[in-house]
$ cat protein22.cif   # mmCIF, C-alpha atoms
data_run
#
loop_
_atom_site.label_atom_id
_atom_site.label_comp_id
_atom_site.auth_asym_id
_atom_site.auth_seq_id
_atom_site.Cartn_x
_atom_site.Cartn_y
_atom_site.Cartn_z
CA MET A 1 -60.65 -81.63 -170.59
CA THR A 2 -63.41 -82.54 -168.18
CA VAL A 3 -64.13 -86.12 -167.25
CA GLN A 4 -67.39 -85.94 -169.21
CA GLN A 5 -65.53 -84.73 -172.29
CA PHE A 6 -63.19 -87.68 -171.93
CA ARG A 7 -66.12 -90.07 -171.46
CA ASP A 8 -67.55 -88.84 -174.75
CA HIS A 9 -64.74 -90.73 -176.49
CA PHE A 10 -66.24 -94.02 -175.22
CA PRO A 11 -69.81 -94.63 -176.46
CA ILE A 12 -70.14 -97.91 -174.53
CA LEU A 13 -70.21 -95.99 -171.24
CA THR A 14 -73.62 -94.48 -172.05
CA GLN A 15 -75.48 -97.78 -172.06
CA GLU A 16 -77.64 -99.33 -169.36
CA VAL A 17 -77.50 -102.84 -167.93
CA TYR A 18 -80.48 -104.31 -166.06
CA GLY A 19 -82.10 -100.88 -166.29
CA LYS A 20 -79.18 -99.23 -164.49
CA GLN A 21 -76.54 -96.89 -165.88
CA LEU A 22 -73.40 -98.94 -166.56
CA VAL A 23 -70.55 -98.37 -164.11
CA TYR A 24 -67.53 -100.10 -165.61
CA PHE A 25 -65.01 -100.90 -162.88
CA ASP A 26 -63.15 -103.79 -164.58
CA ASN A 27 -60.51 -101.81 -166.45
CA ALA A 28 -57.55 -103.87 -165.22
CA ALA A 29 -58.97 -106.73 -167.28
CA THR A 30 -59.79 -104.66 -170.38
CA THR A 31 -60.28 -100.96 -170.91
CA GLN A 32 -63.02 -99.74 -173.18
CA ARG A 33 -62.22 -98.58 -176.71
CA PRO A 34 -62.52 -94.94 -177.71
CA LYS A 35 -64.08 -93.87 -181.00
CA GLU A 36 -60.63 -93.08 -182.39
CA VAL A 37 -59.54 -96.71 -182.00
CA VAL A 38 -62.77 -98.10 -183.44
CA ASN A 39 -62.47 -95.72 -186.39
CA LYS A 40 -58.86 -96.74 -187.06
CA LEU A 41 -59.79 -100.42 -186.91
CA GLU A 42 -62.65 -99.82 -189.32
CA GLU A 43 -60.46 -97.77 -191.66
CA LEU A 44 -57.82 -100.48 -191.88
CA SER A 45 -60.40 -103.22 -192.31
CA LEU A 46 -62.38 -101.44 -195.01
CA LYS A 47 -59.65 -99.55 -196.89
CA TYR A 48 -56.25 -101.18 -196.37
CA ASN A 49 -56.91 -104.81 -195.52
CA SER A 50 -53.87 -106.57 -196.96
CA ASN A 51 -50.87 -108.52 -195.80
CA ILE A 52 -47.72 -106.60 -195.00
CA HIS A 53 -44.06 -106.67 -196.06
CA ARG A 54 -44.72 -108.91 -199.06
CA ALA A 55 -46.61 -107.49 -202.03
CA VAL A 56 -45.93 -104.26 -203.92
CA HIS A 57 -49.54 -103.35 -204.68
CA PHE A 58 -51.19 -100.26 -203.19
CA LEU A 59 -53.12 -101.94 -200.34
CA ALA A 60 -50.09 -103.89 -199.18
CA VAL A 61 -47.91 -100.80 -199.20
CA GLN A 62 -50.47 -98.80 -197.19
CA ALA A 63 -50.96 -101.61 -194.67
CA THR A 64 -47.20 -101.96 -194.25
CA GLU A 65 -46.78 -98.24 -193.68
CA GLU A 66 -49.52 -98.22 -191.04
CA TYR A 67 -47.94 -101.17 -189.27
CA GLU A 68 -44.37 -99.92 -189.31
CA LYS A 69 -45.14 -96.33 -188.32
CA THR A 70 -46.81 -97.84 -185.26
CA ARG A 71 -43.48 -99.42 -184.33
CA ASP A 72 -41.82 -96.00 -184.51
CA PHE A 73 -44.60 -94.49 -182.41
CA VAL A 74 -44.30 -97.15 -179.70
CA LYS A 75 -40.52 -96.79 -179.70
CA ASP A 76 -40.87 -93.08 -178.96
CA TYR A 77 -43.70 -93.62 -176.47
CA ILE A 78 -41.70 -95.89 -174.19
CA LYS A 79 -38.39 -94.16 -174.98
CA ALA A 80 -36.59 -97.16 -176.50
CA LYS A 81 -33.27 -96.58 -178.24
CA SER A 82 -34.21 -98.07 -181.59
CA ARG A 83 -37.19 -99.45 -183.51
CA GLU A 84 -35.42 -102.84 -183.68
CA GLU A 85 -36.13 -103.17 -179.95
CA ILE A 86 -39.92 -103.14 -180.48
CA VAL A 87 -41.49 -106.53 -181.21
CA PHE A 88 -45.23 -106.85 -181.81
CA THR A 89 -46.96 -109.78 -180.10
CA SER A 90 -50.52 -110.78 -179.26
CA GLY A 91 -50.24 -109.42 -175.71
CA THR A 92 -48.26 -109.45 -172.47
CA THR A 93 -48.61 -113.23 -172.13
CA HIS A 94 -47.12 -113.81 -175.59
CA SER A 95 -44.31 -111.33 -174.86
CA ILE A 96 -43.31 -113.01 -171.61
CA ASN A 97 -43.47 -116.49 -173.14
CA LEU A 98 -41.24 -115.28 -175.97
CA VAL A 99 -38.59 -114.10 -173.52
CA ALA A 100 -38.91 -117.17 -171.30
CA PHE A 101 -38.26 -119.43 -174.28
CA SER A 102 -35.72 -117.46 -176.29
CA PHE A 103 -33.76 -115.95 -173.39
CA GLY A 104 -33.81 -119.36 -171.75
CA GLU A 105 -32.39 -121.03 -174.84
CA ALA A 106 -29.63 -118.46 -175.17
CA PHE A 107 -28.60 -117.78 -171.58
CA VAL A 108 -30.01 -120.29 -169.07
CA HIS A 109 -28.35 -123.59 -168.24
CA LYS A 110 -28.72 -126.37 -165.71
CA ASP A 111 -28.70 -125.14 -162.09
CA ASP A 112 -29.09 -121.49 -163.10
CA GLU A 113 -31.77 -119.43 -161.34
CA ILE A 114 -34.77 -117.28 -162.19
CA ILE A 115 -36.50 -115.05 -159.62
CA ILE A 116 -40.13 -113.94 -159.63
CA THR A 117 -42.12 -112.22 -156.91
CA GLU A 118 -44.98 -113.60 -154.87
CA ALA A 119 -47.37 -111.08 -156.43
CA GLU A 120 -47.11 -112.10 -160.09
CA HIS A 121 -49.87 -112.83 -162.58
CA HIS A 122 -49.98 -116.42 -163.86
CA SER A 123 -48.53 -115.14 -167.14
CA ASN A 124 -45.39 -114.14 -165.26
CA ILE A 125 -45.20 -117.42 -163.35
CA VAL A 126 -46.04 -120.34 -165.63
CA PRO A 127 -43.67 -119.46 -168.53
CA TRP A 128 -40.75 -119.38 -166.09
CA GLN A 129 -41.80 -122.67 -164.53
CA MET A 130 -41.89 -124.21 -167.99
CA MET A 131 -38.51 -122.79 -168.89
CA CYS A 132 -36.92 -123.94 -165.63
CA ASN A 133 -38.30 -127.45 -166.13
CA ARG A 134 -36.95 -127.50 -169.67
CA LYS A 135 -33.50 -126.16 -168.79
CA GLY A 136 -33.01 -127.72 -165.37
CA ALA A 137 -32.96 -124.30 -163.70
CA THR A 138 -34.33 -123.25 -160.30
CA LEU A 139 -37.24 -120.86 -159.77
CA LYS A 140 -36.90 -118.69 -156.65
CA ILE A 141 -39.61 -116.53 -155.08
CA LEU A 142 -39.18 -113.01 -153.72
CA PRO A 143 -41.86 -112.68 -151.01
CA ILE A 144 -44.22 -109.85 -150.14
CA ASP A 145 -45.27 -108.69 -146.68
CA ASN A 146 -48.76 -108.67 -145.17
CA GLN A 147 -49.61 -105.34 -146.80
CA GLY A 148 -48.57 -106.54 -150.24
CA HIS A 149 -45.18 -104.84 -150.50
CA ILE A 150 -42.19 -106.63 -151.98
CA GLN A 151 -39.61 -107.41 -149.30
CA TYR A 152 -36.76 -105.61 -151.01
CA SER A 153 -34.30 -106.38 -148.23
CA ILE A 154 -34.46 -110.09 -149.12
CA LEU A 155 -33.57 -109.55 -152.79
CA LYS A 156 -29.82 -109.30 -152.28
CA ASP A 157 -29.83 -112.59 -150.38
CA LEU A 158 -31.69 -114.35 -153.21
CA LEU A 159 -29.32 -113.18 -155.93
CA THR A 160 -26.30 -115.34 -156.73
CA ASP A 161 -23.85 -115.59 -159.61
CA LYS A 162 -26.23 -118.16 -161.11
CA THR A 163 -29.26 -115.83 -161.19
CA LYS A 164 -29.90 -115.04 -164.84
CA LEU A 165 -33.13 -113.03 -164.72
CA LEU A 166 -35.73 -111.53 -162.38
CA ALA A 167 -39.30 -111.07 -163.64
CA VAL A 168 -41.48 -108.54 -161.82
CA CYS A 169 -44.71 -106.65 -162.42
CA GLN A 170 -44.52 -102.90 -162.57
CA ILE A 171 -47.86 -102.81 -160.76
CA SER A 172 -49.67 -105.88 -159.42
CA ASN A 173 -53.04 -106.54 -161.03
CA VAL A 174 -54.31 -107.56 -157.58
CA LEU A 175 -52.55 -105.22 -155.16
CA GLY A 176 -52.38 -102.06 -157.26
CA LEU A 177 -49.04 -101.03 -155.73
CA GLU A 178 -46.30 -99.42 -157.81
CA ASN A 179 -43.13 -101.43 -157.29
CA ASP A 180 -39.75 -99.74 -156.89
CA LEU A 181 -38.41 -100.82 -160.26
CA LYS A 182 -35.29 -98.69 -160.22
CA ASN A 183 -34.18 -100.19 -156.93
CA ILE A 184 -34.88 -103.74 -158.12
CA ILE A 185 -33.15 -103.24 -161.45
CA ASN A 186 -30.08 -101.58 -159.94
CA VAL A 187 -29.62 -104.36 -157.40
CA CYS A 188 -30.06 -107.05 -160.06
CA HIS A 189 -27.73 -105.39 -162.57
CA SER A 190 -25.03 -105.05 -159.91
CA VAL A 191 -24.62 -108.83 -160.03
CA GLY A 192 -25.28 -109.28 -163.75
CA CYS A 193 -28.92 -110.40 -163.45
CA LYS A 194 -31.28 -109.24 -166.19
CA VAL A 195 -34.77 -107.89 -165.45
CA LEU A 196 -38.08 -108.34 -167.27
CA VAL A 197 -40.92 -105.99 -166.30
CA ASP A 198 -44.55 -106.98 -166.77
CA GLY A 199 -46.01 -103.61 -167.65
CA ALA A 200 -49.59 -104.71 -168.31
CA GLN A 201 -50.90 -102.40 -165.56
CA GLY A 202 -47.98 -100.00 -165.40
CA ILE A 203 -48.24 -98.82 -169.01
CA VAL A 204 -51.71 -97.50 -168.17
CA HIS A 205 -50.86 -95.69 -164.95
CA GLY A 206 -47.99 -93.35 -165.71
CA GLY A 207 -46.35 -95.28 -168.53
CA VAL A 208 -42.63 -96.04 -168.69
CA ASN A 209 -39.27 -94.77 -169.88
CA VAL A 210 -37.39 -98.01 -170.48
CA GLN A 211 -34.01 -96.32 -170.74
CA GLU A 212 -34.52 -94.39 -167.53
CA ILE A 213 -35.47 -97.42 -165.44
CA GLY A 214 -32.92 -99.58 -167.25
CA CYS A 215 -34.98 -102.77 -167.63
CA ASP A 216 -33.81 -105.39 -170.13
CA PHE A 217 -37.32 -106.39 -171.23
CA TYR A 218 -40.72 -104.71 -170.93
CA ALA A 219 -44.06 -106.24 -171.93
CA PHE A 220 -47.55 -104.81 -172.25
CA SER A 221 -50.93 -105.36 -173.93
CA GLY A 222 -52.89 -102.94 -176.10
CA HIS A 223 -56.33 -103.87 -174.79
CA LYS A 224 -55.46 -102.60 -171.32
CA ILE A 225 -54.68 -99.13 -172.66
CA PHE A 226 -57.63 -98.44 -175.00
CA ALA A 227 -56.33 -100.30 -178.11
CA ALA A 228 -57.82 -103.27 -179.92
CA SER A 229 -57.43 -106.73 -178.40
CA GLY A 230 -54.91 -109.26 -179.66
CA VAL A 231 -52.08 -106.72 -179.76
CA GLY A 232 -49.06 -106.53 -177.49
CA VAL A 233 -45.54 -105.18 -177.34
CA LEU A 234 -42.25 -106.63 -176.22
CA TYR A 235 -39.37 -104.24 -175.71
CA GLY A 236 -35.98 -105.86 -175.42
CA LYS A 237 -32.48 -104.45 -175.42
CA LYS A 238 -31.06 -104.91 -178.89
CA GLU A 239 -27.90 -106.64 -177.74
CA LEU A 240 -29.97 -109.30 -175.96
CA LEU A 241 -32.54 -109.81 -178.72
CA GLU A 242 -29.75 -110.31 -181.24
CA LYS A 243 -28.34 -113.21 -179.21
CA MET A 244 -31.70 -114.88 -178.62
CA PRO A 245 -33.04 -117.51 -181.05
CA PRO A 246 -36.50 -117.10 -182.58
CA TYR A 247 -39.50 -118.18 -180.53
CA MET A 248 -41.54 -119.31 -183.56
CA GLY A 249 -40.66 -120.31 -187.11
CA GLY A 250 -42.48 -119.51 -190.32
CA GLY A 251 -42.92 -116.71 -192.81
CA GLU A 252 -41.49 -113.23 -192.22
CA MET A 253 -38.90 -114.28 -189.66
CA ILE A 254 -36.53 -115.78 -192.22
CA GLU A 255 -33.71 -114.52 -194.41
CA THR A 256 -33.18 -117.64 -196.53
CA VAL A 257 -34.77 -121.09 -196.37
CA ARG A 258 -33.15 -124.23 -197.73
CA PHE A 259 -33.78 -127.85 -196.88
CA THR A 260 -30.20 -127.88 -195.67
CA GLY A 261 -30.87 -125.05 -193.21
CA THR A 262 -32.44 -121.65 -192.60
CA THR A 263 -31.04 -118.24 -191.74
CA TYR A 264 -33.13 -115.74 -189.83
CA ALA A 265 -34.21 -112.17 -190.50
CA GLN A 266 -32.80 -109.20 -188.66
CA LEU A 267 -34.58 -107.59 -185.72
CA PRO A 268 -37.44 -107.19 -185.09
CA GLU A 269 -38.80 -109.48 -187.83
CA LYS A 270 -36.89 -112.42 -186.36
CA PHE A 271 -39.51 -112.58 -183.61
CA GLU A 272 -42.61 -111.83 -185.74
CA ALA A 273 -43.33 -115.11 -187.50
CA GLY A 274 -46.42 -115.42 -189.68
CA THR A 275 -49.15 -112.91 -190.37
CA GLN A 276 -49.40 -110.38 -187.59
CA ASN A 277 -52.57 -108.70 -186.32
CA ILE A 278 -52.23 -106.24 -189.16
CA ASN A 279 -55.50 -104.35 -188.66
CA SER A 280 -55.23 -104.04 -184.89
CA VAL A 281 -51.57 -103.13 -184.34
CA PRO A 282 -52.03 -99.59 -185.73
CA THR A 283 -54.77 -98.91 -183.16
CA LEU A 284 -51.92 -98.48 -180.68
CA ILE A 285 -51.29 -95.02 -182.11
CA PRO A 286 -54.70 -93.45 -181.28
CA ALA A 287 -54.86 -95.45 -178.03
CA LEU A 288 -51.46 -94.38 -176.74
CA SER A 289 -52.02 -90.83 -177.99
CA LEU A 290 -55.17 -90.62 -175.88
CA ALA A 291 -53.37 -92.15 -172.89
CA LYS A 292 -50.61 -89.54 -173.18
CA GLN A 293 -53.20 -86.79 -173.37
CA VAL A 294 -54.73 -88.06 -170.13
CA GLN A 295 -51.35 -88.20 -168.37
CA ASN A 296 -50.69 -84.57 -169.32
CA ASP A 297 -54.14 -83.27 -168.36
CA LYS A 298 -54.10 -81.94 -164.79
CA ASP A 299 -57.89 -81.98 -164.45
CA LEU A 300 -58.15 -85.66 -165.39
CA VAL A 301 -55.20 -86.60 -163.19
CA ASN A 302 -56.66 -84.67 -160.24
CA ASN A 303 -60.03 -86.36 -160.73
CA SER A 304 -58.46 -89.83 -160.78
CA ASN A 305 -56.43 -89.07 -157.66
CA ALA A 306 -59.48 -87.73 -155.84
CA VAL A 307 -61.52 -90.82 -156.71
CA ARG A 308 -58.65 -93.07 -155.60
CA ASP A 309 -58.28 -91.26 -152.28
CA TYR A 310 -62.03 -91.41 -151.65
CA LEU A 311 -62.14 -95.15 -152.26
CA LEU A 312 -59.00 -95.85 -150.24
CA ASP A 313 -60.43 -93.94 -147.29
CA TYR A 314 -63.71 -95.84 -147.60
CA PHE A 315 -62.06 -99.27 -147.65
CA MET A 316 -59.74 -98.49 -144.75
CA LYS A 317 -62.58 -97.30 -142.49
CA ASP A 318 -64.93 -100.28 -142.82
CA GLU A 319 -63.76 -103.02 -140.44
CA ARG A 320 -65.77 -105.67 -142.31
CA ILE A 321 -63.66 -105.12 -145.41
CA HIS A 322 -60.11 -106.40 -145.87
CA LEU A 323 -58.14 -104.44 -148.47
CA TYR A 324 -55.10 -106.09 -150.06
CA GLY A 325 -52.34 -103.75 -151.16
CA VAL A 326 -52.06 -100.81 -148.74
CA PRO A 327 -49.75 -97.94 -149.75
CA ARG A 328 -47.06 -96.65 -147.42
CA GLY A 329 -44.05 -94.38 -147.63
CA THR A 330 -43.08 -93.62 -151.21
CA ILE A 331 -44.97 -96.61 -152.62
CA GLN A 332 -48.04 -95.32 -154.43
CA LYS A 333 -51.32 -97.08 -155.17
CA ILE A 334 -53.22 -96.85 -158.43
CA ASN A 335 -56.99 -96.79 -158.79
CA LEU A 336 -57.27 -100.54 -158.21
CA PHE A 337 -58.68 -102.15 -155.07
CA SER A 338 -58.95 -105.86 -154.28
CA PHE A 339 -60.84 -106.80 -151.15
CA THR A 340 -62.78 -109.43 -149.24
CA VAL A 341 -65.65 -109.02 -146.81
CA ASP A 342 -66.03 -111.07 -143.63
CA ASN A 343 -68.47 -113.98 -144.05
CA VAL A 344 -69.35 -113.01 -147.64
CA HIS A 345 -68.34 -114.89 -150.79
CA HIS A 346 -66.62 -112.73 -153.38
CA GLN A 347 -68.73 -114.02 -156.25
CA ASP A 348 -72.00 -113.31 -154.43
CA LEU A 349 -70.89 -109.72 -154.00
CA ALA A 350 -69.92 -109.42 -157.66
CA LEU A 351 -73.26 -110.82 -158.81
CA LEU A 352 -75.25 -108.39 -156.68
CA LEU A 353 -73.15 -105.45 -157.84
CA ASP A 354 -73.69 -106.52 -161.43
CA LYS A 355 -77.46 -106.37 -160.94
CA MET A 356 -76.96 -102.81 -159.74
CA GLY A 357 -75.14 -101.97 -162.98
CA ILE A 358 -71.58 -102.18 -161.65
CA ALA A 359 -69.05 -104.35 -163.51
CA VAL A 360 -66.34 -105.70 -161.19
CA ARG A 361 -63.99 -108.68 -161.23
CA SER A 362 -64.19 -111.53 -158.76
CA GLY A 363 -62.12 -114.67 -158.26
CA GLN A 364 -58.40 -115.32 -158.23
CA MET A 365 -57.46 -112.61 -160.77
CA CYS A 366 -55.03 -115.06 -162.42
CA ALA A 367 -52.91 -114.92 -159.27
CA GLU A 368 -53.66 -118.11 -157.35
CA PRO A 369 -50.35 -118.15 -155.40
CA LEU A 370 -51.14 -114.64 -154.17
CA MET A 371 -54.57 -115.79 -153.03
CA ASP A 372 -52.86 -118.63 -151.14
CA ARG A 373 -50.46 -116.09 -149.59
CA PHE A 374 -53.41 -114.24 -148.05
CA GLY A 375 -55.41 -117.37 -147.24
CA VAL A 376 -58.42 -116.61 -149.44
CA THR A 377 -60.11 -118.42 -152.31
CA GLY A 378 -60.72 -115.20 -154.21
CA MET A 379 -61.34 -111.47 -153.96
CA VAL A 380 -63.47 -108.73 -155.47
CA ARG A 381 -61.53 -106.20 -157.54
CA ILE A 382 -62.52 -102.78 -158.78
CA SER A 383 -60.17 -101.08 -161.23
CA LEU A 384 -60.87 -97.62 -162.54
CA ALA A 385 -59.85 -95.65 -165.62
CA PRO A 386 -59.70 -91.87 -166.17
CA TYR A 387 -63.26 -91.95 -167.50
CA ASN A 388 -64.62 -93.09 -164.14
CA THR A 389 -66.19 -90.37 -162.00
CA MET A 390 -66.54 -89.51 -158.34
CA GLU A 391 -70.30 -89.99 -158.73
CA GLU A 392 -69.67 -93.57 -159.89
CA ALA A 393 -67.36 -94.20 -156.94
CA GLN A 394 -69.97 -92.89 -154.50
CA TYR A 395 -72.66 -94.99 -156.16
CA PHE A 396 -70.38 -98.03 -155.85
CA THR A 397 -69.81 -97.59 -152.12
CA LYS A 398 -73.55 -97.16 -151.58
CA CYS A 399 -74.28 -100.33 -153.56
CA LEU A 400 -71.49 -102.28 -151.86
CA GLU A 401 -72.90 -101.48 -148.45
CA LYS A 402 -76.35 -102.56 -149.63
CA ALA A 403 -74.95 -105.82 -151.03
CA ILE A 404 -73.00 -106.58 -147.85
CA ASN A 405 -76.05 -106.02 -145.70
CA MET A 406 -78.07 -108.35 -147.93
CA LEU A 407 -75.49 -111.13 -147.58
CA ILE A 408 -74.46 -111.08 -143.93
#

$ encode --input "protein22.cif" --output "structure tokens"
Amino acid sequence: MTVQQFRDHFPILTQEVYGKQLVYFDNAATTQRPKEVVNKLEELSLKYNSNIHRAVHFLAVQATEEYEKTRDFVKDYIKAKSREEIVFTSGTTHSINLVAFSFGEAFVHKDDEIIITEAEHHSNIVPWQMMCNRKGATLKILPIDNQGHIQYSILKDLLTDKTKLLAVCQISNVLGLENDLKNIINVCHSVGCKVLVDGAQGIVHGGVNVQEIGCDFYAFSGHKIFAASGVGVLYGKKELLEKMPPYMGGGEMIETVRFTGTTYAQLPEKFEAGTQNINSVPTLIPALSLAKQVQNDKDLVNNSNAVRDYLLDYFMKDERIHLYGVPRGTIQKINLFSFTVDNVHHQDLALLLDKMGIAVRSGQMCAEPLMDRFGVTGMVRISLAPYNTMEEAQYFTKCLEKAINMLI
């Protein structure tokens, strides 16, 4: 399909802001919702709004079927072995916290080690800090170089027989670089270290085959891939999830409850305490279906690649602009660009661009240690989706130049 045909799925893109046509370049934070997702959310809210797994009446049965067929769909989408390996959460943050707590309780002891990279989102830093403080473990950092690439050669030196897990983003939400997951996972597994992948950005740009890359855990959020907000997925290898204690207690995650003790439900219910986001979880099916359609459409892929190459060339040519995350060799870059401009505050740039109708992100991007690594207080980030056009990219560069000239 053409880019315009794809844009027609997203009514919000037709609106104006401040009298200007909206250019939405903040997709790494949240993608817009297509009509198919909105319709599914409305259908479930108006026709099948009922709690799941409990009652036998018609609405409850329909709601349960919608919820559970979504689990099967996600299982097939990411190529997991079994549906028991798919746990629904509220998002990537919830998924990572679940692993940090439950894996930590089952496998991490005093003086053990966890490794994260220097390019992680706060959601893939803080949970591990909390777990290490609780368990008396050590948190080690795998550094990046000046262009934003993980220093893979250092990984082997960081790994010891006490290293229990490495947590790494598939693609940094600041740098936009695709990390060499297979290499990382193979090196870690060679010494018995497990690997969690933060797929919040990666699920959008190319997706994942969890069996092919061999990760032990994979986490992503629905709202970054066209689905409703408040929905996330945790994939975990069955043999690990079975050994991990529940993260939360309550309804659904139990087998029997007595005052003398409780036994827990089988997977995946063991990790889904309480009432889930029953109306929003099924929106993953139309959202992921649309994402797969995009990935298989050569015209849309070619458009996205052309826009990316145009923007990369623009940023690399302007000496006033410092781009963070520069591709090289086999390491690819997605349509995400974080940058600073000499003698210009990132928020001033974002505010001016907003008045021109362009939505961008400014600040630390929930990656303060990465900002410290590059010696900046914040950056401007543009992140594009397949519905963004070359005309929008050209309009952005024109407006950016105008904004820079106004501020310097």

$ closest_residue --input "protein22.cif" --among "A:Gly236, A:Gly176, A:Pro286, A:Gly230" --to "A:Leu196" --atoms "only C-alpha atoms"
A:Gly236

$ resolve_selection --input "protein22.cif" --expression "the PyMOL selection byres ((chain A and resi 101) around 12)" --output "VMD selection string"
chain A and resid 94 to 100 102 to 108 126 to 135 244 to 248 271

$ residues_around --input "protein22.cif" --residues "stretch 312-327 of chain A" --least-positions-apart "4" --cutoff "6 Å" --atoms "only C-alpha atoms" --output "number ranges by chain"
A: 147-148, 175, 331-333, 338-342

$ resolve_selection --input "protein22.cif" --expression "the PyMOL selection byres ((chain A and resi 404) around 10)" --output "PyMOL selection string"
chain A and resi 320-321+341-345+348-349+352+399-403+405-408

$ resolve_selection --input "protein22.cif" --expression "the PyMOL selection byres ((chain A and resi 111) around 10)" --output "PyMOL selection string"
chain A and resi 108-110+112-114+132+135-139+162-163

$ write_last_selection --input "protein22.cif" --atoms "C-alpha atoms" --output "PDB file, keeping the file's coordinate frame"
ATOM      1  CA  VAL A 108     -30.010-120.290-169.070  1.00  0.00           C
ATOM      2  CA  HIS A 109     -28.350-123.590-168.240  1.00  0.00           C
ATOM      3  CA  LYS A 110     -28.720-126.370-165.710  1.00  0.00           C
ATOM      4  CA  ASP A 112     -29.090-121.490-163.100  1.00  0.00           C
ATOM      5  CA  GLU A 113     -31.770-119.430-161.340  1.00  0.00           C
ATOM      6  CA  ILE A 114     -34.770-117.280-162.190  1.00  0.00           C
ATOM      7  CA  CYS A 132     -36.920-123.940-165.630  1.00  0.00           C
ATOM      8  CA  LYS A 135     -33.500-126.160-168.790  1.00  0.00           C
ATOM      9  CA  GLY A 136     -33.010-127.720-165.370  1.00  0.00           C
ATOM     10  CA  ALA A 137     -32.960-124.300-163.700  1.00  0.00           C
ATOM     11  CA  THR A 138     -34.330-123.250-160.300  1.00  0.00           C
ATOM     12  CA  LEU A 139     -37.240-120.860-159.770  1.00  0.00           C
ATOM     13  CA  LYS A 162     -26.230-118.160-161.110  1.00  0.00           C
ATOM     14  CA  THR A 163     -29.260-115.830-161.190  1.00  0.00           C
TER      15      THR A 163
END

$ closest_residue --input "protein22.cif" --among "A:Thr160, A:Asn49, A:Ser123, A:Asn303" --to "A:Glu391" --atoms "all atoms listed in the file"
A:Asn303

$ atom_distance --input "protein22.cif" --atom1 "atom CA of A:Val3" --atom2 "atom CA of A:Gln295"
13.0 Å

$ residues_around --input "protein22.cif" --residues "A:Thr117" --least-positions-apart "6" --cutoff "10 Å" --atoms "all atoms listed in the file" --output "list in words"
Asn124, Ile125, Lys140, Ile141, Leu142, Pro143, Ile144, Ile150, Gln151, Leu155, Leu166, Ala167, Val168, Cys169 and Leu370 of chain A

$ closest_residue --input "protein22.cif" --among "A:Val233, A:Val360, A:Val37, A:Met253" --to "A:Phe73" --atoms "only C-alpha atoms"
A:Val233

$ atom_distance --input "protein22.cif" --atom1 "atom CA of A:Ala287" --atom2 "atom CA of A:Ala63"
18.2 Å

$ residues_around --input "protein22.cif" --residues "A:Asn186" --least-positions-apart "5" --cutoff "12 Å" --atoms "all atoms listed in the file" --output "PyMOL selection string"
chain A and resi 152+155-156+166+180-181+191-195+212-216

$ closest_residue --input "protein22.cif" --among "A:Leu311, A:Gly363, A:Tyr218, A:Ile334" --to "A:Ala393" --atoms "all atoms listed in the file"
A:Leu311

$ closest_residue --input "protein22.cif" --among "A:Phe217, A:Phe226, A:Phe6, A:Tyr387" --to "A:Val38" --atoms "only C-alpha atoms"
A:Phe226

$ atom_distance --input "protein22.cif" --atom1 "atom CA of A:Asn335" --atom2 "atom CA of A:Arg71"
29.0 Å

$ decode --input "protein22.cif" --residues "stretch 327-341 of chain A" --atoms "C-alpha atoms" --output "mmCIF file, in the first residue's frame"
data_model
loop_
_atom_site.group_PDB
_atom_site.id
_atom_site.type_symbol
_atom_site.label_atom_id
_atom_site.label_comp_id
_atom_site.auth_asym_id
_atom_site.auth_seq_id
_atom_site.Cartn_x
_atom_site.Cartn_y
_atom_site.Cartn_z
ATOM 1 C CA PRO A 327 25.549 3.536 12.396
ATOM 2 C CA ARG A 328 28.617 1.704 11.170
ATOM 3 C CA GLY A 329 29.456 -1.687 9.729
ATOM 4 C CA THR A 330 26.603 -4.154 10.142
ATOM 5 C CA ILE A 331 24.933 -2.142 12.910
ATOM 6 C CA GLN A 332 21.791 -0.560 11.498
ATOM 7 C CA LYS A 333 19.931 2.544 12.637
ATOM 8 C CA ILE A 334 16.171 2.865 12.839
ATOM 9 C CA ASN A 335 14.174 5.988 12.059
ATOM 10 C CA LEU A 336 15.089 7.593 15.386
ATOM 11 C CA PHE A 337 17.464 10.527 15.803
ATOM 12 C CA SER A 338 18.563 12.193 19.037
ATOM 13 C CA PHE A 339 20.631 15.339 18.715
ATOM 14 C CA THR A 340 21.824 18.562 20.289
ATOM 15 C CA VAL A 341 22.650 21.885 18.670
#
